[in-house]
Structures are given as C-alpha cells and as structure tokens.
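**Student:** The structure file start-v4.txt (compact mmCIF, C-alpha atoms) is provided below.
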# COMPACT_ATOMS: atom_id res chain seq x y z
CA MET X 1 274.92 37.76 44.24
CA GLN X 2 275.40 40.87 42.12
CA ILE X 3 274.94 44.46 43.20
CA ALA X 4 274.93 47.28 40.65
CA GLY X 5 276.71 45.10 38.18
CA GLN X 6 279.89 44.79 40.32
CA GLY X 7 281.92 41.62 40.23
CA ASP X 8 282.29 39.39 43.25
CA LEU X 9 281.14 39.07 46.84
CA LEU X 10 284.22 40.87 48.26
CA THR X 11 283.55 44.03 46.28
CA SER X 12 279.97 44.00 47.49
CA LEU X 13 281.10 43.68 51.07
CA ILE X 14 283.50 46.62 50.74
CA GLN X 15 280.72 48.69 49.25
CA LEU X 16 278.50 47.78 52.17
CA VAL X 17 281.14 48.83 54.69
CA TRP X 18 281.59 52.15 52.91
CA LEU X 19 277.85 52.63 52.91
CA LEU X 20 277.77 51.88 56.62
CA PHE X 21 280.50 54.42 57.28
CA LEU X 22 278.67 56.99 55.17
CA MET X 23 275.50 56.38 57.16
CA ILE X 24 277.39 56.77 60.46
CA PHE X 25 278.81 60.12 59.32
CA ILE X 26 275.37 61.29 58.15
CA LEU X 27 273.36 60.07 61.14
CA TYR X 28 276.03 60.85 63.76
CA PRO X 29 277.75 64.13 62.75
CA ASN X 30 279.98 64.16 65.86
CA PHE X 31 281.52 60.82 64.96
CA SER X 32 284.65 62.30 63.35
CA GLN X 33 285.15 64.61 66.31
CA ARG X 34 284.75 61.70 68.73
CA LEU X 35 287.31 59.77 66.77
CA GLN X 36 289.73 62.70 66.87
CA LEU X 37 289.06 63.18 70.59
CA SER X 38 289.96 59.58 71.34
CA TYR X 39 293.23 59.92 69.39
CA ILE X 40 294.15 63.12 71.24
CA LEU X 41 293.25 61.61 74.61
CA ARG X 42 295.40 58.59 73.89
CA ASP X 43 298.32 60.84 72.92
CA LEU X 44 297.80 62.98 76.03
CA GLU X 45 297.60 59.92 78.25
CA ARG X 46 300.95 58.70 76.94
CA LYS X 47 302.59 62.06 77.62
CA LEU X 48 300.92 62.32 81.01
CA TYR X 49 302.50 58.99 81.96
CA GLY X 50 305.84 60.46 80.88
CA LEU X 51 305.23 63.50 83.10
CA LYS X 52 304.26 61.24 85.99
CA ARG X 53 307.47 59.25 85.59
CA ILE X 54 309.55 62.43 85.72
CA ARG X 55 307.59 63.70 88.73
CA GLU X 56 308.11 60.41 90.60
CA GLU X 57 311.79 60.37 89.73
CA VAL X 58 312.30 63.95 90.96
CA ARG X 59 310.27 63.31 94.13
CA SER X 60 312.23 60.19 95.05
CA ARG X 61 315.57 61.91 94.35
CA VAL X 62 314.54 64.84 96.55
CA ILE X 63 313.51 62.55 99.42
CA GLU X 64 316.72 60.55 99.02
CA THR X 65 318.81 63.76 99.21
CA LEU X 66 316.89 65.22 102.16
CA ARG X 67 317.31 61.92 104.01
CA LYS X 68 321.10 62.45 104.02
CA TYR X 69 320.65 65.59 106.12
CA SER X 70 317.68 64.43 108.21
CA ASP X 71 317.95 63.23 111.82
CA GLY X 72 315.42 60.47 111.15
CA ASN X 73 312.75 61.84 113.50
CA VAL X 74 310.32 62.87 110.77
CA ASP X 75 308.29 61.03 108.15
CA LEU X 76 310.07 62.59 105.17
CA GLU X 77 307.70 61.29 102.49
CA LYS X 78 304.65 62.74 104.22
CA GLU X 79 306.37 66.05 105.03
CA VAL X 80 307.68 66.47 101.46
CA ASP X 81 304.23 65.76 100.01
CA GLN X 82 302.82 68.47 102.27
CA ILE X 83 305.46 70.98 101.15
CA LEU X 84 304.80 70.12 97.50
CA LEU X 85 301.17 71.12 97.92
CA SER X 86 301.93 74.39 99.75
CA PHE X 87 300.80 77.61 98.07
CA ALA X 88 300.75 81.40 98.35
CA ILE X 89 297.67 83.48 97.60
CA THR X 90 298.39 86.59 95.56
CA PRO X 91 296.91 89.86 96.94
CA GLU X 92 293.64 91.31 95.74
CA SER X 93 294.16 93.52 92.67
CA MET X 94 290.74 95.19 92.50
CA ASP X 95 292.39 98.24 94.05
CA PRO X 96 295.98 97.98 92.74
CA TYR X 97 297.36 100.75 94.97
CA GLY X 98 300.27 99.37 97.03
CA ILE X 99 299.92 95.89 95.55
CA VAL X 100 303.67 95.49 94.97
CA TYR X 101 304.48 95.80 98.66
CA LYS X 102 301.59 93.51 99.61
CA LEU X 103 302.89 90.95 97.11
CA GLU X 104 306.41 91.35 98.47
CA HIS X 105 305.15 90.71 101.99
CA ILE X 106 303.33 87.55 100.96
CA VAL X 107 306.21 86.22 98.88
CA ASN X 108 308.76 86.94 101.63
CA THR X 109 306.60 85.14 104.19
CA TRP X 110 306.11 82.21 101.84
CA GLU X 111 309.83 81.94 101.00
CA ASP X 112 310.82 82.14 104.67
CA THR X 113 308.26 79.49 105.64
CA PHE X 114 309.39 77.26 102.77
CA GLU X 115 313.03 77.54 103.85
CA GLU X 116 312.15 77.00 107.51
CA ASN X 117 310.26 73.81 106.61
CA VAL X 118 313.24 72.47 104.68
CA ARG X 119 315.61 73.36 107.55
CA ARG X 120 313.29 71.56 109.97
CA LEU X 121 313.48 68.42 107.82
CA CYS X 122 317.26 68.67 107.40
CA PRO X 123 318.80 69.80 110.69
CA LYS X 124 322.18 68.35 109.67
CA ALA X 125 322.50 70.67 106.65
CA ASP X 126 324.61 73.82 107.02
CA ARG X 127 323.32 77.25 105.92
CA GLU X 128 324.56 77.03 102.33
CA ARG X 129 323.37 73.45 101.85
CA ALA X 130 319.95 74.27 103.33
CA LYS X 131 319.49 76.98 100.70
CA THR X 132 320.37 74.60 97.88
CA LEU X 133 318.03 71.98 99.35
CA THR X 134 315.26 74.59 99.39
CA ASN X 135 315.86 75.13 95.66
CA LEU X 136 315.74 71.38 95.19
CA VAL X 137 312.35 71.11 96.88
CA GLU X 138 311.14 74.05 94.75
CA VAL X 139 312.10 72.06 91.64
CA ALA X 140 310.05 69.11 92.91
CA ARG X 141 307.15 71.46 93.62
CA GLY X 142 307.38 72.87 90.09
CA ILE X 143 307.18 69.49 88.34
CA ASP X 144 304.47 68.29 90.73
CA TYR X 145 302.31 71.32 89.91
CA LEU X 146 302.92 70.91 86.17
CA TYR X 147 301.82 67.28 86.34
CA ARG X 148 298.69 68.11 88.33
CA VAL X 149 297.63 70.87 85.89
CA VAL X 150 298.08 68.67 82.81
CA ARG X 151 296.23 65.82 84.53
CA HIS X 152 293.40 68.23 85.39
CA TYR X 153 292.89 69.27 81.76
CA TYR X 154 293.21 65.69 80.53
CA LEU X 155 290.57 64.39 82.96
CA LEU X 156 288.31 67.40 82.43
CA GLY X 157 288.46 66.97 78.67
CA LYS X 158 287.79 63.25 79.00
CA LYS X 159 284.90 63.73 81.42
CA THR X 160 283.16 66.38 79.35
CA SER X 161 284.25 64.95 75.96
CA ASN X 162 285.32 68.48 75.11
CA ILE X 163 287.75 68.36 72.23
CA TYR X 164 288.65 72.05 72.62
CA ILE X 165 289.98 71.57 76.16
CA VAL X 166 292.18 68.62 75.21
CA LEU X 167 293.27 70.30 71.95
CA GLN X 168 294.66 73.29 73.85
CA ILE X 169 296.65 71.16 76.30
CA GLN X 170 297.82 68.89 73.47
CA MET X 171 299.17 71.89 71.58
CA LEU X 172 301.16 72.98 74.64
CA MET X 173 302.50 69.51 75.42
CA PRO X 174 305.79 69.71 73.46
CA GLN X 175 306.84 72.84 75.41
CA LEU X 176 305.54 71.40 78.69
CA MET X 177 307.48 68.16 78.17
CA GLU X 178 310.60 70.25 77.49
CA ILE X 179 310.06 72.13 80.75
CA ALA X 180 309.49 68.84 82.60
CA GLU X 181 312.76 67.46 81.24
CA ALA X 182 314.49 70.68 82.35
CA TYR X 183 313.08 70.17 85.85
CA ARG X 184 314.48 66.63 85.83
CA GLN X 185 317.94 67.90 84.89
CA ALA X 186 317.62 70.76 87.42
CA CYS X 187 316.92 68.22 90.16
CA TYR X 188 320.31 66.56 89.57
CA ALA X 189 322.06 69.96 89.39
CA PHE X 190 320.61 71.16 92.73
CA MET X 191 321.17 67.78 94.38
CA GLN X 192 324.90 68.22 93.83
CA GLY X 193 325.13 72.02 93.99
CA GLN X 194 326.19 72.52 90.36
CA PRO X 195 326.05 76.04 88.84
CA VAL X 196 323.01 76.50 86.57
CA GLY X 197 322.54 78.72 83.50
CA ASP X 198 320.60 81.31 85.49
CA GLY X 199 323.73 81.97 87.56
CA VAL X 200 325.62 83.59 84.67
CA GLY X 201 324.82 87.13 85.92
CA VAL X 202 326.34 86.31 89.31
CA LEU X 203 329.30 84.60 87.64
CA ALA X 204 330.00 87.70 85.52
CA ALA X 205 329.81 89.97 88.60
CA ALA X 206 332.20 87.65 90.45
CA LYS X 207 334.64 87.57 87.54
CA LEU X 208 334.59 91.38 87.33
CA VAL X 209 336.08 91.69 90.83
CA GLU X 210 338.19 88.52 90.83
CA GLY X 211 341.68 89.15 92.18
CA LEU X 212 341.02 92.85 92.88
CA GLU X 213 341.35 94.58 96.26
CA LYS X 214 337.86 95.10 97.63
CA LYS X 215 335.69 95.43 100.71
CA THR X 216 332.93 92.81 100.93
CA TYR X 217 329.89 93.03 103.20
CA GLU X 218 326.25 91.94 103.38
CA VAL X 219 323.94 94.66 102.14
CA ALA X 220 320.57 92.86 102.28
CA LYS X 221 319.29 89.36 103.07
CA ASP X 222 321.53 86.81 101.29
CA THR X 223 322.97 89.66 99.22
CA ILE X 224 326.55 90.89 99.34
CA VAL X 225 328.34 93.83 97.80
CA HIS X 226 331.98 94.24 96.80
CA GLU X 227 333.15 97.84 97.11
CA LEU X 228 336.23 98.76 95.07
CA MET X 229 337.89 101.49 93.01
CA MET X 230 338.44 101.12 89.28
CA ASP X 231 339.94 103.88 87.09
CA GLY X 232 339.01 106.52 89.69
CA LYS X 233 335.39 105.36 89.87
CA LYS X 234 333.77 103.72 92.86
CA LEU X 235 332.21 100.37 92.02
CA PHE X 236 329.54 98.60 94.03
CA VAL X 237 329.34 95.08 92.65
CA LEU X 238 326.25 93.44 94.07
CA ARG X 239 325.24 89.78 93.90
CA ALA X 240 323.55 87.07 95.92
CA ALA X 241 325.82 85.31 98.42
CA GLY X 242 326.98 81.86 97.35
CA PRO X 243 327.74 79.05 96.91
CA GLY X 244 324.34 77.99 98.30
CA GLY X 245 321.37 78.38 95.96
CA THR X 246 319.78 81.79 96.45
CA VAL X 247 318.87 84.86 94.40
CA GLY X 248 319.09 87.27 97.35
CA LYS X 249 317.32 90.63 97.51
CA PRO X 250 319.06 92.72 94.84
CA ALA X 251 316.49 95.55 94.94
CA ASP X 252 316.93 96.05 98.69
CA GLY X 253 320.69 96.08 98.21
CA ILE X 254 320.56 98.65 95.39
CA ILE X 255 318.20 100.89 97.40
CA LYS X 256 320.52 100.78 100.42
CA ILE X 257 323.58 101.68 98.32
CA ILE X 258 321.78 104.57 96.61
CA GLU X 259 320.45 105.89 99.92
CA ASN X 260 324.02 105.92 101.27
CA GLU X 261 325.73 107.25 98.15
CA GLY X 262 322.95 109.61 97.03
CA GLU X 263 323.64 111.70 93.91
CA ARG X 264 327.11 110.20 93.46
CA VAL X 265 325.61 107.07 91.81
CA LYS X 266 325.67 107.82 88.07
CA ALA X 267 324.71 104.46 86.61
CA ILE X 268 323.24 101.06 87.43
CA VAL X 269 324.39 98.18 85.25
CA MET X 270 322.36 95.00 85.57
CA ILE X 271 323.51 91.61 84.29
CA ASP X 272 321.06 88.74 83.94
CA ALA X 273 320.20 85.70 81.85
CA ALA X 274 317.38 86.32 79.37
CA LEU X 275 315.13 84.00 77.42
CA LYS X 276 316.28 83.61 73.84
CA LEU X 277 314.04 83.14 70.85
CA GLU X 278 314.31 79.89 68.89
CA GLY X 279 317.14 80.17 66.37
CA GLU X 280 319.22 82.50 68.54
CA ASP X 281 322.57 81.36 69.89
CA THR X 282 322.89 80.37 73.53
CA GLY X 283 325.38 82.58 75.33
CA LYS X 284 324.94 85.60 73.08
CA VAL X 285 325.52 88.84 75.01
CA VAL X 286 323.15 91.70 74.24
CA GLU X 287 323.04 95.24 75.59
CA GLY X 288 319.91 97.23 76.37
CA ILE X 289 318.27 99.71 78.70
CA GLY X 290 316.17 98.95 81.77
CA ALA X 291 316.10 96.76 84.85
CA ALA X 292 317.31 93.32 83.81
CA ILE X 293 315.69 91.15 86.44
CA GLY X 294 313.04 88.45 86.35
CA GLY X 295 310.87 87.05 89.08
CA ILE X 296 307.45 88.24 90.13
CA GLY X 297 308.24 91.90 89.46
CA VAL X 298 308.74 93.26 92.99
CA ASP X 299 312.50 93.77 92.61
CA LYS X 300 312.08 95.23 89.12
CA PHE X 301 309.50 97.72 90.38
CA LYS X 302 311.64 98.82 93.34
CA ILE X 303 314.78 99.25 91.21
CA GLU X 304 312.90 101.27 88.58
CA GLU X 305 311.34 103.42 91.29
CA ILE X 306 314.63 104.32 93.00
CA ALA X 307 316.39 104.84 89.64
CA LYS X 308 313.64 107.29 88.60
CA LYS X 309 313.75 109.09 91.96
CA TYR X 310 317.50 109.77 91.66
CA ASN X 311 317.45 110.01 87.85
CA ILE X 312 320.02 107.22 87.45
CA PRO X 313 320.24 105.51 84.04
CA LEU X 314 319.70 101.75 84.02
CA TYR X 315 321.88 99.74 81.64
CA ALA X 316 321.14 96.09 80.99
CA LEU X 317 323.39 93.30 79.78
CA VAL X 318 321.68 90.00 79.11
CA ILE X 319 322.94 86.58 78.15
CA TYR X 320 320.61 84.58 75.94
CA GLU X 321 319.55 81.08 76.95
CA SER X 322 316.47 78.88 76.81
CA ILE X 323 314.20 78.25 79.78
CA GLY X 324 315.64 74.75 80.07
CA GLU X 325 319.22 76.00 79.99
CA ALA X 326 318.44 78.46 82.79
CA ILE X 327 317.75 75.73 85.34
CA THR X 328 320.06 72.97 84.12
CA PRO X 329 323.85 72.73 84.64
CA MET X 330 325.63 75.69 83.05
CA LYS X 331 326.79 75.14 79.49
CA GLU X 332 330.20 76.12 78.15
CA SER X 333 328.82 78.85 75.88
CA ILE X 334 327.04 80.48 78.83
CA ALA X 335 330.08 80.26 81.12
CA LYS X 336 332.28 81.78 78.39
CA ALA X 337 329.76 84.62 77.93
CA ALA X 338 330.50 85.78 81.49
CA GLU X 339 333.99 86.81 80.36
CA GLU X 340 332.56 88.83 77.47
CA VAL X 341 330.12 90.51 79.87
CA VAL X 342 333.02 91.62 82.09
CA GLU X 343 334.60 93.43 79.12
CA ARG X 344 331.26 95.01 78.15
CA VAL X 345 330.69 96.24 81.73
CA LYS X 346 334.16 97.79 81.82
CA SER X 347 333.42 99.50 78.50
CA ILE X 348 330.12 100.92 79.85
CA ILE X 349 331.87 102.18 82.98
CA ARG X 350 334.61 103.81 80.87
CA SER X 351 332.21 105.54 78.50
CA LYS X 352 329.21 106.42 80.70
CA VAL X 353 330.63 107.15 84.14
CA GLU X 354 332.91 110.08 84.91
CA GLU X 355 335.82 109.93 87.33
CA GLY X 356 334.90 110.34 91.01
CA ALA X 357 331.36 109.03 90.47
CA SER X 358 329.89 105.78 91.76
CA VAL X 359 328.34 102.97 89.76
CA ILE X 360 326.33 99.94 90.82
CA ILE X 361 326.83 96.66 88.97
CA ALA X 362 324.25 94.03 89.86
CA GLY X 363 324.76 90.39 88.88
CA ILE X 364 321.32 88.80 89.00
CA GLY X 365 320.60 85.08 89.25
CA ASN X 366 320.87 81.95 91.33
CA THR X 367 324.24 81.52 93.03
CA VAL X 368 324.16 77.75 93.36
CA GLY X 369 327.72 76.47 92.92
CA ILE X 370 329.24 79.96 92.64
CA GLY X 371 331.30 81.09 95.61
CA LEU X 372 332.82 84.45 96.46
CA SER X 373 335.70 85.55 94.23
CA MET Z 1 320.52 45.82 82.40
CA PHE Z 2 321.19 48.80 80.12
CA PRO Z 3 320.73 52.43 81.25
CA SER Z 4 317.58 53.95 79.85
CA GLY Z 5 317.72 56.77 77.31
CA ARG Z 6 316.69 59.32 79.90
CA GLU Z 7 319.43 58.25 82.31
CA ARG Z 8 322.05 58.71 79.60
CA GLN Z 9 320.93 62.27 79.02
CA ILE Z 10 321.89 63.60 82.48
CA LEU Z 11 324.30 66.49 81.96
CA ASN Z 12 327.57 65.95 83.78
CA PRO Z 13 329.64 69.13 84.09
CA LEU Z 14 333.41 69.31 84.29
CA THR Z 15 335.29 71.19 87.00
CA PHE Z 16 338.14 73.37 85.73
CA LEU Z 17 340.93 73.96 88.25
CA ARG Z 18 343.85 76.38 88.11
CA CYS Z 19 347.00 75.36 89.95
CA LEU Z 20 347.99 78.04 92.45
CA SER Z 21 351.69 77.32 91.83
CA CYS Z 22 352.05 77.08 88.03
CA SER Z 23 348.63 78.47 86.86
CA THR Z 24 348.00 75.45 84.64
CA ILE Z 25 344.33 74.74 84.10
CA ASN Z 26 343.20 71.12 84.45
CA SER Z 27 339.75 69.60 84.30
CA ARG Z 28 338.05 66.61 85.85
CA PRO Z 29 334.43 65.43 86.30
CA PHE Z 30 332.45 67.48 88.81
CA ARG Z 31 332.45 66.23 92.41
CA GLU Z 32 329.88 67.09 95.04
CA GLY Z 33 331.15 70.02 97.11
CA ASP Z 34 332.90 71.76 94.19
CA TYR Z 35 331.99 75.39 93.60
CA VAL Z 36 333.39 78.15 91.40
CA PHE Z 37 336.16 80.20 93.14
CA GLY Z 38 336.52 77.51 95.80
CA GLU Z 39 340.00 76.22 96.71
CA VAL Z 40 340.69 72.52 96.91
CA GLU Z 41 343.64 70.40 97.96
CA GLU Z 42 344.51 68.44 94.86
CA LYS Z 43 347.78 67.61 93.18
CA CYS Z 44 348.60 69.46 89.97
CA PRO Z 45 349.52 66.89 87.29
CA LYS Z 46 352.10 69.32 85.84
CA CYS Z 47 354.06 70.78 88.77
CA GLY Z 48 352.85 68.64 91.67
CA GLY Z 49 351.49 71.68 93.57
CA ASP Z 50 348.84 70.66 96.08
CA ARG Z 51 346.43 73.61 95.99
CA MET Z 52 344.05 74.40 93.15
CA ARG Z 53 341.37 77.01 92.62
CA ILE Z 54 338.15 76.15 90.78
CA VAL Z 55 337.81 78.60 87.90
CA GLY Z 56 334.80 77.11 86.17
CA ILE Z 57 332.16 74.41 86.31
CA TYR Z 58 330.28 73.79 83.09
CA VAL Z 59 329.08 71.23 80.60
CA LYS Z 60 331.36 70.90 77.59
CA GLU Z 61 329.36 71.27 74.39
CA PRO Z 62 330.13 68.97 71.47
CA GLU Z 63 331.52 70.70 68.38
CA GLN Z 64 328.94 68.98 66.15
CA ARG Z 65 326.24 71.07 67.75
CA GLU Z 66 328.06 74.32 66.94
CA LYS Z 67 328.37 73.28 63.29
CA ARG Z 68 324.67 72.46 63.16
CA GLN Z 69 323.83 75.84 64.70
CA LYS Z 70 325.78 77.66 62.00
CA GLN Z 71 323.84 75.84 59.33
CA THR Z 72 320.45 76.91 60.68
CA LEU Z 73 318.60 79.82 59.16
Spell out the structure here as structure tokens.

**Tutor:**
Amino acid sequence: MQIAGQGDLLTSLIQLVWLLFLMIFILYPNFSQRLQLSYILRDLERKLYGLKRIREEVRSRVIETLRKYSDGNVDLEKEVDQILLSFAITPESMDPYGIVYKLEHIVNTWEDTFEENVRRLCPKADRERAKTLTNLVEVARGIDYLYRVVRHYYLLGKKTSNIYIVLQIQMLMPQLMEIAEAYRQACYAFMQGQPVGDGVGVLAAAKLVEGLEKKTYEVAKDTIVHELMMDGKKLFVLRAAGPGGTVGKPADGIIKIIENEGERVKAIVMIDAALKLEGEDTGKVVEGIGAAIGGIGVDKFKIEEIAKKYNIPLYALVIYESIGEAITPMKESIAKAAEEVVERVKSIIRSKVEEGASVIIAGIGNTVGIGLS
Amino acid sequence: MFPSGRERQILNPLTFLRCLSCSTINSRPFREGDYVFGEVEEKCPKCGGDRMRIVGIYVKEPEQREKRQKQTL
C-alpha cells in the first residue's frame, strides 16, 4: 500500500496517527486543556498524599504526647479530632467601629477555651507544660486545616474540571509544602519544649537583663516585667513568662506600665522576629520605627494607640528569619543575633533616652524553652 | 529497616551549659526538660563542678551552608 508516495506501511501508520491527533485537536478544542488538567491533578494528588502523611504524623505524635499527661478517662483520639476542627468567627466588619476590641474578646475567649480543653485532656501536666501542649495542639490544628483546604481545591477542581482552580493551588504548592514541613518540625520542637526561632525577641530581652539586679513581677496575663536601673534610666523589660510556650499579652503590659509611669516613659523599644525576603541572611538584625509585633493586629493597634496618646516614639528591632525558621527549633544564627540585639538596644537607650527617664523594652515572641534570666 | 529521608531531617538542637564554678561552656544533645537560663545538676568535664546553667539551646548550622549563602546573589 502506498499513500502520497511515501515508503512503507510503518510510515503510513505514523501519518495516520498524526492525522488522528490533528482531528482530535480540531474537533475537540478542549483536548489539550483536559490533558494538562489531568497532569496537574496527578501532580496535586501526589503532593496531597504528602500533606496527608505529614498531617497523620503530626496528629499521632500529638496524641502520643498528650497521652503521657492524660489520666486515661477520655477518648483522646476523638477529643483531639474535635479540637482540631474548632474555630473562631471573626466579628462583623460592615461597621468597623470598635472592631479591634470585639476581635480581642473573641480571640481571648477562643484561646482560653482552647487551653482549657487541653488542660482537661492532660490533668497531669503542670502549668508550663500545659501551655506548651496547647501550642502543640495548635500546630496539629494548623497542618490539619492546611490539608483540608488543599484537598478542597483539589476535589473542587477535579469535580468541575476547572483548570484555573487547580492551577492556582498548584502554583502555591511549593510554599504550602514548605509550611507543612515547618509544621512537622514544629511538632517535634513543641513536643520537647525546645526554643523556636520566633522566641528570639524574648531571648534578647532575657539576655539584656541577665545577671543584673532587678524586680520581676507579672504585669498582664502570662506576661512579666523586669524593672531595673541602667545608666540612670529606668528600664521596664517586658516579655512573656516562660519556659512554657506562650506569647503573653504584651500590649496590656505596655499599657499598664505607661499608665503607671505616665510622661516619664520616653521610648518603647520592641524586639521581634520578622519575615525575611528570599536571599536575605537568617539572623540579620535590622532597625526601624513602629510597633514590631505580629499576630492578628490587636496588640499592635493597642500599642500604637497608647504610644500616640502619650507621644512616645516606637523603635523596632527585628531579626530576619523565614516562616519555617520561626516555628522550628532555633538556629545558631538566630540565637547569636540575640546578643547583637542587646548591644543595639543599649545603644538606642544611650542615644535616645535622657537620664532620669523611663524606657520600655518589649521582647515579643513565643517563650517555649526560654526561662527567666 | 533504614530511616526515611524525612525522619533524618528532624532538627536536633544542642544544649549549651556554663559551669557555675569555672564558667566553661560545654554542649550536649538537647534533653527534654532543658530550657534556656535553667540550672541543672550535671558534672563539669573540666573542673568537676556539679551545677551548670543552660546558656543556649540551638541547632548548629553547618559551615557549608554559610559558604553557599555568601556565593548567592
């Protein structure tokens, strides 16, 4: 058989296949998109299995750890699954007036309930351990939510054959997998009470007052302050109480100090970990202006409000790290940065605060594994 | 039989302890219950003192990584 003067049967067959393909592309214009969709779905499915593995690993580690402090009277697996699905509803923002305080109320209630639930499951845990265990369950909740969201978009894209839905989630997957891996590492850190990268602000505050004569007292919930004199200036070094995992209520503490000290407070220096951009060095210390504090924004708002009311300048010192490094065991470069921060804080106090005045230094972050100096 | 890749990647920090008698700093793998600024009853390998203060808990970073960082743009 000869077609268009070509040689053998094989060539003819290849030509036929090509013709068939050409016809498919002409008669079925979505064919290429379908093909691409199936590739993306397969890739997503593989990564989703990876996420599921991490989620199962974290969940089982959490249950295993909680079991050590449980009295055996509760069905831990069932209770943990219930906690993992718990949620808080943010307040209505149609009329934003007073929304910060409404949000604060909801978040406080949610945090207290969360902690109470963990305490109920682990009656054998002491106060510090219960706080760290609460952090641990929060880690499990984070990875569980991440998995459920990715699964939602995967199934939705598959059900509707919508390439644009799966494309968006596929583009985010490398970052999401990085976050998932950070959660996995964080789980081990909180299980054992190891300091994490986010605690560098607290570590710097603790190092600033280490070995100095000071008065220490609780100024707000889970928040302590060290009161001391340095070069004729009164220092209020505020941080969350450790070594259990907590971030405390730094804004409430700062407000209380300013209300007591009044006009004498001439500066607020805030120390916190900050997200670095790719290519920047972990542990780099950078100075700026403003309230260096993360979270949902309630503390930031309250600190800015009181600073404006009393016209107190806000100085910020941040230590660069990635989102993964913030929740995984502290790295050497971050721990070493705390010492540099101490020198920078001293320099700010020397140059910006006059003798006889007061200054607040707030070390922000999670205190897990960092005790009182 | 062999640990999986993911298991190998778990970051294990070191605990750095300062002897309260001779101020020598020693390190050992982190143990549950360690926390920075905590005091522990351990023997100093240098002077034999039995009380140490934890001055740091962190993951040692390999030098190779630092070199690679310097080479980046």

**Student:** Kindly provide the residues of chain Z that approach chain X to within 7 Å, each paired with its closest atom pair and their distance in Å to one decimal, based on all atoms listed in the file, listed by chain and increasing number, as a Markdown table.

**Tutor:**
| residue | atom | partner | partner_atom | distance |
| --- | --- | --- | --- | --- |
| Z:Ile10 | CA | X:Gln185 | CA | 6.3 |
| Z:Leu11 | CA | X:Pro329 | CA | 6.8 |
| Z:Pro13 | CA | X:Pro329 | CA | 6.8 |
| Z:Glu32 | CA | X:Gln192 | CA | 5.2 |
| Z:Tyr35 | CA | X:Gly369 | CA | 4.5 |
| Z:Val36 | CA | X:Ile370 | CA | 4.7 |
| Z:Phe37 | CA | X:Ser373 | CA | 5.5 |
| Z:Gly38 | CA | X:Gly371 | CA | 6.3 |
| Z:Ile57 | CA | X:Pro195 | CA | 6.8 |
| Z:Tyr58 | CA | X:Met330 | CA | 5.0 |
| Z:Val59 | CA | X:Lys331 | CA | 4.7 |
| Z:Lys60 | CA | X:Glu332 | CA | 5.4 |
| Z:Glu61 | CA | X:Glu332 | CA | 6.2 |

**Student:** Using atom CA of Asp126 of chain X and atom CA of Asp34 of chain Z as the two end points, give the distance in Å to one decimal.

**Tutor:** 15.4 Å

**Student:** With a distance cut-off of 10 Å and only C-alpha atoms, select the neighbouring residues of Val107 of chain X, excluding the residue or stretch itself and same-chain residues fewer than 2 positions from it, and output the selection as a list in words.

**Tutor:**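 With the cut-off at 10 Å, the set is Ala88, Ile89, Thr90, Tyr101, Lys102, Leu103, Glu104, His105, Thr109, Trp110, Glu111, Asp112, Thr113, Ile296 and Val298 of chain X.
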
**Student:** Just want the 12 Å neighbourhood of Asp75 of chain X, counted on only C-alpha atoms, with same-chain residues fewer than 5 positions away dropped. Output as a compact mmCIF listing (two decimals) with C-alpha atoms, in the coordinates of the input.

**Tutor:**
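Below you can see around.txt, which holds the result:
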# COMPACT_ATOMS: atom_id res chain seq x y z
CA ILE X 63 313.51 62.55 99.42
CA LEU X 66 316.89 65.22 102.16
CA ARG X 67 317.31 61.92 104.01
CA SER X 70 317.68 64.43 108.21
CA VAL X 80 307.68 66.47 101.46
CA ASP X 81 304.23 65.76 100.01
CA GLN X 82 302.82 68.47 102.27
CA ARG X 120 313.29 71.56 109.97
CA LEU X 121 313.48 68.42 107.82
CA CYS X 122 317.26 68.67 107.40

**Student:** Using all atoms listed in the file, which protein or nucleic acid residues come within 9 Å of Ala326 of chain X? Drop anything in the same chain fewer than 5 positions from it, and give the result as a PDB file with C-alpha atoms, keeping the file's coordinate frame.

**Tutor:**
ATOM      1  CA  ALA X 182     314.490  70.680  82.350  1.00  0.00           C
ATOM      2  CA  VAL X 196     323.010  76.500  86.570  1.00  0.00           C
ATOM      3  CA  GLY X 197     322.540  78.720  83.500  1.00  0.00           C
ATOM      4  CA  ASP X 198     320.600  81.310  85.490  1.00  0.00           C
ATOM      5  CA  GLY X 199     323.730  81.970  87.560  1.00  0.00           C
ATOM      6  CA  ALA X 273     320.200  85.700  81.850  1.00  0.00           C
ATOM      7  CA  ALA X 274     317.380  86.320  79.370  1.00  0.00           C
ATOM      8  CA  LEU X 275     315.130  84.000  77.420  1.00  0.00           C
ATOM      9  CA  GLU X 321     319.550  81.080  76.950  1.00  0.00           C
TER      10      GLU X 321
END

**Student:** Please compute the atom CA of Leu277 of chain X-atom CA of Gly295 of chain X distance, one decimal, in Å.

**Tutor:**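 Computed distance, atom CA of Leu277 of chain X to atom CA of Gly295 of chain X, equals 18.9 Å.
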
**Student:** Report, in Å with one decimal, the straight-line distance from atom CA of Ser322 of chain X to atom CA of Glu278 of chain X.

**Tutor:**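 Atom-to-atom, atom CA of Ser322 of chain X and atom CA of Glu278 of chain X are spaced 8.3 Å apart.
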
**Student:** Need the shell around segment 40-49 of chain Z: protein/DNA/RNA residues with any atom at most 7 Å away, counting all atoms listed in the file. Skip same-chain ones fewer than 4 positions apart. Format as a VMD selection string?

**Tutor:** chain Z and resid 19 21 to 22 53

**Student:** Output C-alpha atoms of each residue in that selection to a file, as a PDB file, in the coordinates of the input.

**Tutor:**
ATOM      1  CA  CYS Z  19     347.000  75.360  89.950  1.00  0.00           C
ATOM      2  CA  SER Z  21     351.690  77.320  91.830  1.00  0.00           C
ATOM      3  CA  CYS Z  22     352.050  77.080  88.030  1.00  0.00           C
ATOM      4  CA  ARG Z  53     341.370  77.010  92.620  1.00  0.00           C
TER       5      ARG Z  53
END

**Student:** Tell me, as a short mmCIF file (atom, residue, chain, number, x, y, z; two decimals) with C-alpha atoms, in the frame of the given file, which residues lie within 9 Å of Pro29 of chain Z, counting all atoms listed in the file; anything in the same chain fewer than 3 positions away does not count.

**Tutor:**
data_model
loop_
_atom_site.label_atom_id
_atom_site.label_comp_id
_atom_site.auth_asym_id
_atom_site.auth_seq_id
_atom_site.Cartn_x
_atom_site.Cartn_y
_atom_site.Cartn_z
CA ASN Z 12 327.57 65.95 83.78
CA PRO Z 13 329.64 69.13 84.09
CA LEU Z 14 333.41 69.31 84.29
CA THR Z 15 335.29 71.19 87.00
CA PHE Z 16 338.14 73.37 85.73
#

**Student:** Ranking X:Ile106, X:Glu79, X:Ser358, X:Arg53 by minimum distance to Asp144 of chain X and counting only C-alpha atoms, which one comes first?

**Tutor:** X:Arg53
